[in-house]
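Source file start-v5.cif; content: mmCIF, C-alpha atoms.
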data_input
loop_
_atom_site.group_PDB
_atom_site.id
_atom_site.type_symbol
_atom_site.label_atom_id
_atom_site.label_comp_id
_atom_site.auth_asym_id
_atom_site.auth_seq_id
_atom_site.Cartn_x
_atom_site.Cartn_y
_atom_site.Cartn_z
ATOM 1 C CA MET A 1 0.724 29.416 -8.643
ATOM 2 C CA LYS A 2 2.252 26.436 -6.855
ATOM 3 C CA PRO A 3 0.851 23.007 -7.667
ATOM 4 C CA LYS A 4 -1.361 21.707 -4.889
ATOM 5 C CA LEU A 5 1.155 18.922 -4.279
ATOM 6 C CA ILE A 6 3.893 21.397 -3.298
ATOM 7 C CA GLN A 7 1.625 22.988 -0.706
ATOM 8 C CA GLN A 8 0.609 19.593 0.692
ATOM 9 C CA VAL A 9 4.233 18.474 0.998
ATOM 10 C CA GLN A 10 5.106 21.699 2.816
ATOM 11 C CA GLU A 11 2.193 21.312 5.245
ATOM 12 C CA ALA A 12 3.129 17.703 6.064
ATOM 13 C CA CYS A 13 6.785 18.692 6.443
ATOM 14 C CA GLU A 14 5.962 21.565 8.808
ATOM 15 C CA PHE A 15 3.761 19.291 10.911
ATOM 16 C CA LEU A 16 6.513 16.679 11.270
ATOM 17 C CA THR A 17 9.193 19.270 11.979
ATOM 18 C CA ASN A 18 7.045 20.593 14.817
ATOM 19 C CA LYS A 19 6.795 17.015 16.135
ATOM 20 C CA GLY A 20 10.579 16.723 16.388
ATOM 21 C CA PHE A 21 11.526 15.306 12.997
ATOM 22 C CA ASP A 22 14.711 17.358 12.844
ATOM 23 C CA GLN A 23 16.570 17.161 9.505
ATOM 24 C CA PRO A 24 16.770 13.385 9.002
ATOM 25 C CA GLU A 25 19.656 12.259 6.808
ATOM 26 C CA ILE A 26 18.434 8.849 5.619
ATOM 27 C CA GLY A 27 14.956 7.727 4.574
ATOM 28 C CA ILE A 28 13.918 4.068 4.821
ATOM 29 C CA ILE A 29 10.815 2.335 3.426
ATOM 30 C CA LEU A 30 10.008 -1.030 5.010
ATOM 31 C CA GLY A 31 8.070 -3.577 2.971
ATOM 32 C CA THR A 32 5.669 -6.370 3.846
ATOM 33 C CA GLY A 33 6.749 -8.315 6.929
ATOM 34 C CA LEU A 34 9.926 -6.249 7.273
ATOM 35 C CA GLY A 35 9.320 -4.155 10.369
ATOM 36 C CA GLN A 36 12.050 -5.459 12.691
ATOM 37 C CA LEU A 37 14.507 -2.753 11.647
ATOM 38 C CA VAL A 38 12.709 -0.325 13.943
ATOM 39 C CA HIS A 39 13.950 -2.325 16.951
ATOM 40 C CA SER A 40 17.495 -1.217 16.046
ATOM 41 C CA ILE A 41 16.531 2.461 16.024
ATOM 42 C CA ASP A 42 16.885 4.813 18.974
ATOM 43 C CA VAL A 43 13.428 6.279 18.511
ATOM 44 C CA ILE A 44 12.969 9.985 19.140
ATOM 45 C CA SER A 45 9.474 10.425 17.736
ATOM 46 C CA GLU A 46 6.851 8.332 15.972
ATOM 47 C CA ILE A 47 3.643 9.456 14.326
ATOM 48 C CA HIS A 48 0.737 7.435 12.958
ATOM 49 C CA TYR A 49 -0.067 8.191 9.330
ATOM 50 C CA THR A 50 -3.613 9.039 10.365
ATOM 51 C CA VAL A 51 -2.551 12.374 11.885
ATOM 52 C CA ILE A 52 -0.007 13.531 9.291
ATOM 53 C CA PRO A 53 -1.587 16.088 6.934
ATOM 54 C CA HIS A 54 -2.372 14.658 3.475
ATOM 55 C CA PHE A 55 -0.842 11.237 4.179
ATOM 56 C CA PRO A 56 -2.751 8.239 2.820
ATOM 57 C CA LEU A 57 -3.671 5.483 5.256
ATOM 58 C CA ALA A 58 -2.111 2.022 5.187
ATOM 59 C CA THR A 59 -5.019 -0.374 4.591
ATOM 60 C CA VAL A 60 -2.992 -3.614 4.469
ATOM 61 C CA GLU A 61 -3.336 -5.431 7.777
ATOM 62 C CA PHE A 62 0.357 -6.356 8.022
ATOM 63 C CA HIS A 63 1.563 -2.791 7.409
ATOM 64 C CA LYS A 64 1.873 -0.783 10.632
ATOM 65 C CA GLY A 65 1.252 2.703 9.268
ATOM 66 C CA LYS A 66 3.749 4.764 11.279
ATOM 67 C CA LEU A 67 6.468 7.271 10.459
ATOM 68 C CA ILE A 68 9.405 6.864 12.852
ATOM 69 C CA TYR A 69 12.254 9.292 13.513
ATOM 70 C CA GLY A 70 15.414 8.447 15.406
ATOM 71 C CA THR A 71 19.044 7.434 15.059
ATOM 72 C CA LEU A 72 20.522 4.327 13.454
ATOM 73 C CA GLY A 73 24.157 3.650 12.671
ATOM 74 C CA GLY A 74 25.108 7.120 13.833
ATOM 75 C CA LYS A 75 22.729 8.806 11.374
ATOM 76 C CA LYS A 76 19.352 10.492 11.798
ATOM 77 C CA VAL A 77 16.752 8.398 9.993
ATOM 78 C CA VAL A 78 13.086 8.647 9.116
ATOM 79 C CA VAL A 79 11.403 5.300 8.548
ATOM 80 C CA MET A 80 8.135 4.367 6.884
ATOM 81 C CA GLN A 81 6.856 1.344 8.792
ATOM 82 C CA GLY A 82 4.301 0.398 6.177
ATOM 83 C CA ARG A 83 3.975 1.754 2.662
ATOM 84 C CA PHE A 84 1.134 2.452 0.231
ATOM 85 C CA HIS A 85 0.199 0.530 -2.892
ATOM 86 C CA LEU A 86 -1.689 1.168 -6.095
ATOM 87 C CA TYR A 87 -3.850 -1.884 -5.346
ATOM 88 C CA GLU A 88 -5.226 -0.108 -2.278
ATOM 89 C CA GLY A 89 -6.877 2.359 -4.653
ATOM 90 C CA TYR A 90 -4.300 5.126 -4.288
ATOM 91 C CA SER A 91 -2.931 7.093 -7.213
ATOM 92 C CA PRO A 92 0.806 6.961 -8.015
ATOM 93 C CA VAL A 93 1.106 10.528 -6.672
ATOM 94 C CA GLU A 94 -0.459 9.474 -3.347
ATOM 95 C CA VAL A 95 1.708 6.349 -3.120
ATOM 96 C CA THR A 96 4.866 8.441 -3.483
ATOM 97 C CA PHE A 97 3.771 11.416 -1.376
ATOM 98 C CA PRO A 98 5.839 10.247 1.648
ATOM 99 C CA VAL A 99 9.017 10.144 -0.456
ATOM 100 C CA ARG A 100 8.529 13.810 -1.337
ATOM 101 C CA VAL A 101 7.880 14.632 2.318
ATOM 102 C CA MET A 102 10.997 12.796 3.504
ATOM 103 C CA HIS A 103 13.016 14.653 0.871
ATOM 104 C CA ALA A 104 11.550 17.972 2.036
ATOM 105 C CA LEU A 105 12.533 17.062 5.615
ATOM 106 C CA GLY A 106 16.124 16.784 4.438
ATOM 107 C CA ILE A 107 17.044 13.173 3.636
ATOM 108 C CA LYS A 108 20.089 12.701 1.391
ATOM 109 C CA LYS A 109 19.722 8.950 0.683
ATOM 110 C CA LEU A 110 16.786 6.535 0.459
ATOM 111 C CA LEU A 111 16.803 2.814 1.310
ATOM 112 C CA VAL A 112 13.877 0.685 0.145
ATOM 113 C CA SER A 113 12.846 -2.874 0.966
ATOM 114 C CA ASN A 114 10.045 -5.076 -0.279
ATOM 115 C CA ALA A 115 8.771 -8.631 -0.326
ATOM 116 C CA SER A 116 8.603 -10.193 -3.770
ATOM 117 C CA GLY A 117 8.210 -13.451 -5.618
ATOM 118 C CA ALA A 118 11.235 -15.151 -7.175
ATOM 119 C CA LEU A 119 10.871 -15.571 -10.953
ATOM 120 C CA ASN A 120 14.496 -16.600 -11.466
ATOM 121 C CA LEU A 121 14.528 -20.334 -10.781
ATOM 122 C CA LYS A 122 18.013 -20.048 -9.237
ATOM 123 C CA PHE A 123 16.566 -17.890 -6.453
ATOM 124 C CA LYS A 124 14.861 -19.466 -3.446
ATOM 125 C CA LYS A 125 12.358 -18.111 -0.960
ATOM 126 C CA GLY A 126 13.962 -16.787 2.182
ATOM 127 C CA GLU A 127 16.834 -15.280 0.165
ATOM 128 C CA MET A 128 17.388 -11.644 -0.845
ATOM 129 C CA MET A 129 17.904 -9.821 -4.129
ATOM 130 C CA LEU A 130 19.557 -6.463 -4.653
ATOM 131 C CA ILE A 131 17.500 -4.669 -7.295
ATOM 132 C CA ASN A 132 19.791 -3.425 -10.046
ATOM 133 C CA ASP A 133 17.050 -2.465 -12.507
ATOM 134 C CA HIS A 134 13.287 -2.631 -12.848
ATOM 135 C CA ILE A 135 10.412 -2.972 -15.295
ATOM 136 C CA ASN A 136 7.296 -0.872 -14.727
ATOM 137 C CA LEU A 137 4.142 -2.822 -15.591
ATOM 138 C CA GLN A 138 1.931 -0.891 -13.182
ATOM 139 C CA GLY A 139 0.292 1.014 -16.013
ATOM 140 C CA SER A 140 1.053 4.469 -14.633
ATOM 141 C CA SER A 141 3.715 6.953 -13.552
ATOM 142 C CA PRO A 142 3.904 9.147 -10.437
ATOM 143 C CA LEU A 143 5.195 11.952 -12.694
ATOM 144 C CA ALA A 144 2.214 12.068 -15.059
ATOM 145 C CA PHE A 145 0.444 15.166 -13.761
ATOM 146 C CA SER A 146 0.180 18.841 -14.600
ATOM 147 C CA GLY A 147 2.839 20.953 -12.901
ATOM 148 C CA VAL A 148 5.324 18.135 -12.333
ATOM 149 C CA ASP A 149 7.997 20.279 -13.985
ATOM 150 C CA GLN A 150 7.766 22.661 -11.001
ATOM 151 C CA LEU A 151 9.029 19.870 -8.746
ATOM 152 C CA GLY A 152 11.790 18.580 -11.028
ATOM 153 C CA GLU A 153 12.511 17.570 -14.604
ATOM 154 C CA ARG A 154 9.490 16.151 -16.405
ATOM 155 C CA PHE A 155 11.485 13.676 -18.502
ATOM 156 C CA VAL A 156 13.519 11.924 -15.826
ATOM 157 C CA ASP A 157 16.466 9.866 -17.030
ATOM 158 C CA MET A 158 16.211 6.303 -15.714
ATOM 159 C CA ASN A 159 19.495 5.033 -17.126
ATOM 160 C CA THR A 160 20.773 4.247 -13.628
ATOM 161 C CA PRO A 161 17.775 4.317 -11.278
ATOM 162 C CA TYR A 162 19.597 2.571 -8.404
ATOM 163 C CA ASP A 163 22.660 4.222 -6.877
ATOM 164 C CA PRO A 164 25.805 2.273 -7.889
ATOM 165 C CA ALA A 165 27.845 3.273 -4.838
ATOM 166 C CA MET A 166 25.255 2.129 -2.276
ATOM 167 C CA SER A 167 24.550 -1.008 -4.313
ATOM 168 C CA GLN A 168 28.232 -1.929 -4.441
ATOM 169 C CA ALA A 169 28.548 -1.272 -0.711
ATOM 170 C CA LEU A 170 25.682 -3.695 -0.005
ATOM 171 C CA VAL A 171 27.250 -6.365 -2.213
ATOM 172 C CA LYS A 172 30.573 -5.992 -0.394
ATOM 173 C CA LEU A 173 28.882 -6.189 3.012
ATOM 174 C CA ALA A 174 27.031 -9.327 1.967
ATOM 175 C CA ASN A 175 30.177 -10.960 0.574
ATOM 176 C CA ASP A 176 32.274 -10.038 3.616
ATOM 177 C CA HIS A 177 29.742 -11.550 6.036
ATOM 178 C CA GLY A 178 28.633 -14.620 4.091
ATOM 179 C CA ILE A 179 25.140 -13.324 3.336
ATOM 180 C CA LYS A 180 23.543 -14.530 0.108
ATOM 181 C CA LEU A 181 22.474 -11.487 -1.884
ATOM 182 C CA HIS A 182 21.395 -12.077 -5.458
ATOM 183 C CA GLN A 183 21.253 -9.256 -7.976
ATOM 184 C CA GLY A 184 18.505 -8.877 -10.532
ATOM 185 C CA VAL A 185 15.613 -7.100 -12.194
ATOM 186 C CA TYR A 186 12.394 -6.361 -10.297
ATOM 187 C CA VAL A 187 9.128 -6.065 -12.183
ATOM 188 C CA GLY A 188 6.404 -3.984 -10.575
ATOM 189 C CA VAL A 189 2.794 -4.997 -11.239
ATOM 190 C CA ARG A 190 -0.381 -3.396 -9.959
ATOM 191 C CA GLY A 191 -1.993 -6.301 -8.072
ATOM 192 C CA PRO A 192 -3.571 -7.216 -5.747
ATOM 193 C CA GLU A 193 -4.186 -10.549 -7.474
ATOM 194 C CA LEU A 194 -1.141 -12.717 -7.985
ATOM 195 C CA GLU A 195 -0.062 -13.845 -11.417
ATOM 196 C CA THR A 196 -1.266 -16.741 -13.529
ATOM 197 C CA LYS A 197 1.155 -19.372 -14.786
ATOM 198 C CA ALA A 198 1.139 -17.719 -18.207
ATOM 199 C CA GLU A 199 1.882 -14.333 -16.664
ATOM 200 C CA TYR A 200 4.842 -15.753 -14.731
ATOM 201 C CA ARG A 201 6.211 -17.191 -17.983
ATOM 202 C CA TYR A 202 5.768 -13.808 -19.653
ATOM 203 C CA LEU A 203 7.526 -11.927 -16.842
ATOM 204 C CA ARG A 204 10.480 -14.300 -17.003
ATOM 205 C CA LEU A 205 10.580 -13.946 -20.779
ATOM 206 C CA ILE A 206 10.913 -10.147 -20.622
ATOM 207 C CA GLY A 207 13.851 -10.398 -18.228
ATOM 208 C CA ALA A 208 12.467 -10.104 -14.701
ATOM 209 C CA ASP A 209 14.024 -11.972 -11.780
ATOM 210 C CA ALA A 210 11.458 -11.016 -9.118
ATOM 211 C CA VAL A 211 7.916 -9.633 -9.108
ATOM 212 C CA GLY A 212 6.087 -7.423 -6.642
ATOM 213 C CA MET A 213 3.394 -4.778 -6.248
ATOM 214 C CA SER A 214 5.364 -1.805 -4.947
ATOM 215 C CA THR A 215 8.714 0.029 -5.085
ATOM 216 C CA VAL A 216 8.768 1.198 -8.718
ATOM 217 C CA PRO A 217 6.792 4.432 -8.060
ATOM 218 C CA GLU A 218 9.040 5.353 -5.121
ATOM 219 C CA ILE A 219 12.170 4.752 -7.210
ATOM 220 C CA ILE A 220 10.861 6.950 -10.020
ATOM 221 C CA VAL A 221 10.120 9.816 -7.634
ATOM 222 C CA ALA A 222 13.498 9.410 -5.907
ATOM 223 C CA ASN A 223 15.133 9.854 -9.310
ATOM 224 C CA HIS A 224 12.863 12.827 -10.017
ATOM 225 C CA LEU A 225 14.181 14.395 -6.798
ATOM 226 C CA LYS A 226 17.773 13.378 -7.641
ATOM 227 C CA LEU A 227 17.746 11.366 -4.424
ATOM 228 C CA PRO A 228 20.192 8.407 -4.458
ATOM 229 C CA VAL A 229 18.274 5.199 -3.744
ATOM 230 C CA VAL A 230 19.035 1.532 -3.191
ATOM 231 C CA ALA A 231 16.528 -1.324 -2.892
ATOM 232 C CA VAL A 232 16.498 -4.907 -1.630
ATOM 233 C CA SER A 233 13.818 -7.527 -2.232
ATOM 234 C CA VAL A 234 13.213 -10.303 0.258
ATOM 235 C CA LEU A 235 12.076 -13.301 -1.788
ATOM 236 C CA THR A 236 9.050 -14.794 -0.087
ATOM 237 C CA ASP A 237 7.759 -17.293 -2.646
ATOM 238 C CA GLU A 238 8.912 -19.121 -5.783
ATOM 239 C CA CYS A 239 7.034 -18.351 -8.976
ATOM 240 C CA ASP A 240 7.797 -21.468 -11.013
ATOM 241 C CA PRO A 241 4.885 -21.839 -13.451
ATOM 242 C CA ASP A 242 5.597 -25.556 -13.919
ATOM 243 C CA HIS A 243 5.432 -26.289 -10.177
ATOM 244 C CA LEU A 244 3.079 -23.620 -8.896
ATOM 245 C CA ALA A 245 1.334 -24.032 -5.565
ATOM 246 C CA PRO A 246 -1.420 -21.848 -4.095
ATOM 247 C CA VAL A 247 -0.005 -18.848 -2.253
ATOM 248 C CA ASP A 248 -0.253 -18.733 1.528
ATOM 249 C CA ILE A 249 0.044 -15.145 2.821
ATOM 250 C CA ALA A 250 1.100 -16.417 6.247
ATOM 251 C CA ASP A 251 3.938 -18.342 4.582
ATOM 252 C CA ILE A 252 5.000 -15.202 2.694
ATOM 253 C CA ILE A 253 5.182 -13.238 5.947
ATOM 254 C CA ALA A 254 7.115 -16.073 7.612
ATOM 255 C CA HIS A 255 9.755 -16.118 4.874
ATOM 256 C CA ALA A 256 10.050 -12.339 4.963
ATOM 257 C CA GLN A 257 10.745 -12.539 8.684
ATOM 258 C CA LYS A 258 13.245 -15.377 8.143
ATOM 259 C CA ALA A 259 15.387 -13.208 5.869
ATOM 260 C CA GLU A 260 14.806 -9.994 7.780
ATOM 261 C CA PRO A 261 17.748 -10.204 10.224
ATOM 262 C CA ASP A 262 20.188 -10.248 7.289
ATOM 263 C CA MET A 263 18.410 -7.311 5.662
ATOM 264 C CA VAL A 264 18.519 -5.362 8.932
ATOM 265 C CA PHE A 265 22.242 -6.120 9.247
ATOM 266 C CA LEU A 266 22.946 -4.918 5.698
ATOM 267 C CA PHE A 267 20.897 -1.737 6.027
ATOM 268 C CA LYS A 268 22.315 -0.857 9.448
ATOM 269 C CA ASN A 269 25.918 -1.354 8.342
ATOM 270 C CA LEU A 270 25.356 0.436 5.053
ATOM 271 C CA ILE A 271 24.014 3.446 6.955
ATOM 272 C CA GLU A 272 26.989 3.430 9.326
ATOM 273 C CA GLY A 273 29.383 3.624 6.385
ATOM 274 C CA LEU A 274 27.565 6.255 4.340
ATOM 275 C CA ALA A 275 29.236 9.594 3.784
ATOM 276 C CA LEU A 276 26.662 12.368 3.580
#
Would you write the structure of this file as structure tokens?
Amino acid sequence: MKPKLIQQVQEACEFLTNKGFDQPEIGIILGTGLGQLVHSIDVISEIHYTVIPHFPLATVEFHKGKLIYGTLGGKKVVVMQGRFHLYEGYSPVEVTFPVRVMHALGIKKLLVSNASGALNLKFKKGEMMLINDHINLQGSSPLAFSGVDQLGERFVDMNTPYDPAMSQALVKLANDHGIKLHQGVYVGVRGPELETKAEYRYLRLIGADAVGMSTVPEIIVANHLKLPVVAVSVLTDECDPDHLAPVDIADIIAHAQKAEPDMVFLFKNLIEGLAL
């Protein structure tokens, strides 16, 4: 018997196919405050999460909650404008359900963005960081369920979770166009509360350069599906425990939007140059 998840993915995929989502080649997940990329897309169809079978609902007010299909950089793309988080009460399987659906629709590559806090004191808010590795402190895995071996290998190798070729292409694009793009380790925490000063010191001690509340589950599932993935963090605040100020969500959104044009440029040009 098929796991329930397989059936749910198939039902969501069939629904979207009938709505015109025709074999997208690239999947994109847009993080907090990073929705401007959709303005560069020639939109063919867009669907609110509320009507897609088995999709969770985006409960964060600054996440739009739409799946968009169209063309960008000469490729057919499907874009999540708004993602799901563990802190919203969803399970890791629910958070990553859209990745499995996009894969079932036909995507060959996945691009991920997020907003995060800079732990590395050399990084400043308003800058970007290419994620070259991560630490999972979310206390769970999207692969820890019965029947996962029917969807892929149970014991997924995470030696190289982020695709080297796409990562190198982003670095080259940034260097060629004078865009500051740090590289570093992202640590995923559950949230929704932000960290204490002691927790920031701990996260720096274990080797993290940026901290956020998303991304890690999607990367794990992408690797489970053998789907090449690349991820960029927009640094929206500075997590210096010795000079810590109260967090202003409006300021976080503002800094995400400040860096967003460069992220859009990198993603658009990366997509144009991808061989599928």
Give me the result of the PyMOL selection byres ((chain A and resi 100-108) around 10) on this file, residue by residue, as a ChimeraX atom specification. /A:5-6,8-14,16-17,21-28,55,67,76-80,93,96-99,109-110,151,218,221-222,224-229,275-276
Between atom CA of A:Tyr186 and atom CA of A:Asp242, what is the distance in Å, rounded to a tenth? 20.7 Å
Nearest candidate to A:Leu274 (options A:Ser233, A:Asn175, A:Ser167, A:Ser113; using all atoms listed in the file): A:Ser167
Residues matched by the PyMOL selection byres ((chain A and resi 266) around 10) as number ranges by chain: A: 169-174, 177, 179, 232, 260-265, 267-272
A:Ala245 environment, 12 Å, all atoms listed in the file, sequence neighbours closer than 6 positions dropped, as an MDAnalysis selection string: chainID A and resid 194:197 237:239 251
Pairwise distance, atom CA of A:Glu94 with atom CA of A:Ile135, equals 20.4 Å
If we count all atoms listed in the file, what is near stretch 31-35 of chain A at a cut-off of 6 Å, once residues fewer than 4 positions away on the same chain are taken out, given as a list in words? Ser113, Asn114, Ala115, Ile253 and Ala256 of chain A
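Selection check: the PyMOL selection byres ((chain A and resi 159) around 12) on the shown file gives Asn132, Asp133, His134, Phe155, Val156, Asp157, Met158, Thr160, Pro161, Tyr162, Asp163, Pro164, Ile220 and Asn223 of chain A.
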I need the chosen residues saved as a PDB file, keeping the file's coordinate frame, with C-alpha atoms.
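Wrote it out as result34.pdb, contents follow:
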ATOM      1  CA  ASN A 132      19.791  -3.425 -10.046  1.00  0.00           C
ATOM      2  CA  ASP A 133      17.050  -2.465 -12.507  1.00  0.00           C
ATOM      3  CA  HIS A 134      13.287  -2.631 -12.848  1.00  0.00           C
ATOM      4  CA  PHE A 155      11.485  13.676 -18.502  1.00  0.00           C
ATOM      5  CA  VAL A 156      13.519  11.924 -15.826  1.00  0.00           C
ATOM      6  CA  ASP A 157      16.466   9.866 -17.030  1.00  0.00           C
ATOM      7  CA  MET A 158      16.211   6.303 -15.714  1.00  0.00           C
ATOM      8  CA  THR A 160      20.773   4.247 -13.628  1.00  0.00           C
ATOM      9  CA  PRO A 161      17.775   4.317 -11.278  1.00  0.00           C
ATOM     10  CA  TYR A 162      19.597   2.571  -8.404  1.00  0.00           C
ATOM     11  CA  ASP A 163      22.660   4.222  -6.877  1.00  0.00           C
ATOM     12  CA  PRO A 164      25.805   2.273  -7.889  1.00  0.00           C
ATOM     13  CA  ILE A 220      10.861   6.950 -10.020  1.00  0.00           C
ATOM     14  CA  ASN A 223      15.133   9.854  -9.310  1.00  0.00           C
TER      15      ASN A 223
END
Emit stretch 40-90 of chain A of the structure in the block as a file comprising C-alpha atoms, as an mmCIF file, in the first residue's frame.
data_model
loop_
_atom_site.group_PDB
_atom_site.id
_atom_site.type_symbol
_atom_site.label_atom_id
_atom_site.label_comp_id
_atom_site.auth_asym_id
_atom_site.auth_seq_id
_atom_site.Cartn_x
_atom_site.Cartn_y
_atom_site.Cartn_z
ATOM 1 C CA SER A 40 10.167 39.414 -13.130
ATOM 2 C CA ILE A 41 8.063 36.375 -14.025
ATOM 3 C CA ASP A 42 5.766 36.138 -17.029
ATOM 4 C CA VAL A 43 2.928 34.637 -15.026
ATOM 5 C CA ILE A 44 0.819 31.953 -16.665
ATOM 6 C CA SER A 45 -1.124 30.754 -13.638
ATOM 7 C CA GLU A 46 -1.256 31.436 -9.911
ATOM 8 C CA ILE A 47 -3.114 29.540 -7.224
ATOM 9 C CA HIS A 48 -3.703 30.386 -3.572
ATOM 10 C CA TYR A 49 -2.544 27.682 -1.179
ATOM 11 C CA THR A 50 -6.051 27.544 0.252
ATOM 12 C CA VAL A 51 -7.403 25.689 -2.797
ATOM 13 C CA ILE A 52 -4.524 23.281 -3.467
ATOM 14 C CA PRO A 53 -5.339 19.820 -2.071
ATOM 15 C CA HIS A 54 -3.424 19.006 1.138
ATOM 16 C CA PHE A 55 -1.387 22.230 1.131
ATOM 17 C CA PRO A 56 -0.875 23.891 4.516
ATOM 18 C CA LEU A 57 -1.863 27.536 4.857
ATOM 19 C CA ALA A 58 0.646 30.350 5.310
ATOM 20 C CA THR A 59 -0.234 31.946 8.661
ATOM 21 C CA VAL A 60 2.561 34.553 8.733
ATOM 22 C CA GLU A 61 1.148 37.932 7.764
ATOM 23 C CA PHE A 62 4.073 38.868 5.500
ATOM 24 C CA HIS A 63 3.936 35.605 3.530
ATOM 25 C CA LYS A 64 1.584 35.806 0.541
ATOM 26 C CA GLY A 65 0.559 32.160 0.295
ATOM 27 C CA LYS A 66 0.472 31.646 -3.480
ATOM 28 C CA LEU A 67 1.966 29.147 -5.905
ATOM 29 C CA ILE A 68 2.932 30.880 -9.158
ATOM 30 C CA TYR A 69 3.721 29.294 -12.522
ATOM 31 C CA GLY A 70 5.299 31.102 -15.442
ATOM 32 C CA THR A 71 8.544 31.770 -17.271
ATOM 33 C CA LEU A 72 11.720 33.414 -15.995
ATOM 34 C CA GLY A 73 15.084 33.557 -17.710
ATOM 35 C CA GLY A 74 13.800 31.385 -20.527
ATOM 36 C CA LYS A 75 12.790 28.572 -18.157
ATOM 37 C CA LYS A 76 9.430 27.400 -16.832
ATOM 38 C CA VAL A 77 9.339 28.058 -13.096
ATOM 39 C CA VAL A 78 7.047 27.316 -10.185
ATOM 40 C CA VAL A 79 7.414 29.719 -7.279
ATOM 41 C CA MET A 80 6.309 29.499 -3.666
ATOM 42 C CA GLN A 81 5.457 33.058 -2.652
ATOM 43 C CA GLY A 82 5.414 32.312 1.050
ATOM 44 C CA ARG A 83 6.630 29.185 2.796
ATOM 45 C CA PHE A 84 5.644 27.194 5.883
ATOM 46 C CA HIS A 85 7.449 26.974 9.202
ATOM 47 C CA LEU A 86 7.618 24.600 12.129
ATOM 48 C CA TYR A 87 6.782 27.509 14.447
ATOM 49 C CA GLU A 88 3.369 27.795 12.794
ATOM 50 C CA GLY A 89 2.548 24.397 14.287
ATOM 51 C CA TYR A 90 3.173 22.362 11.140
#
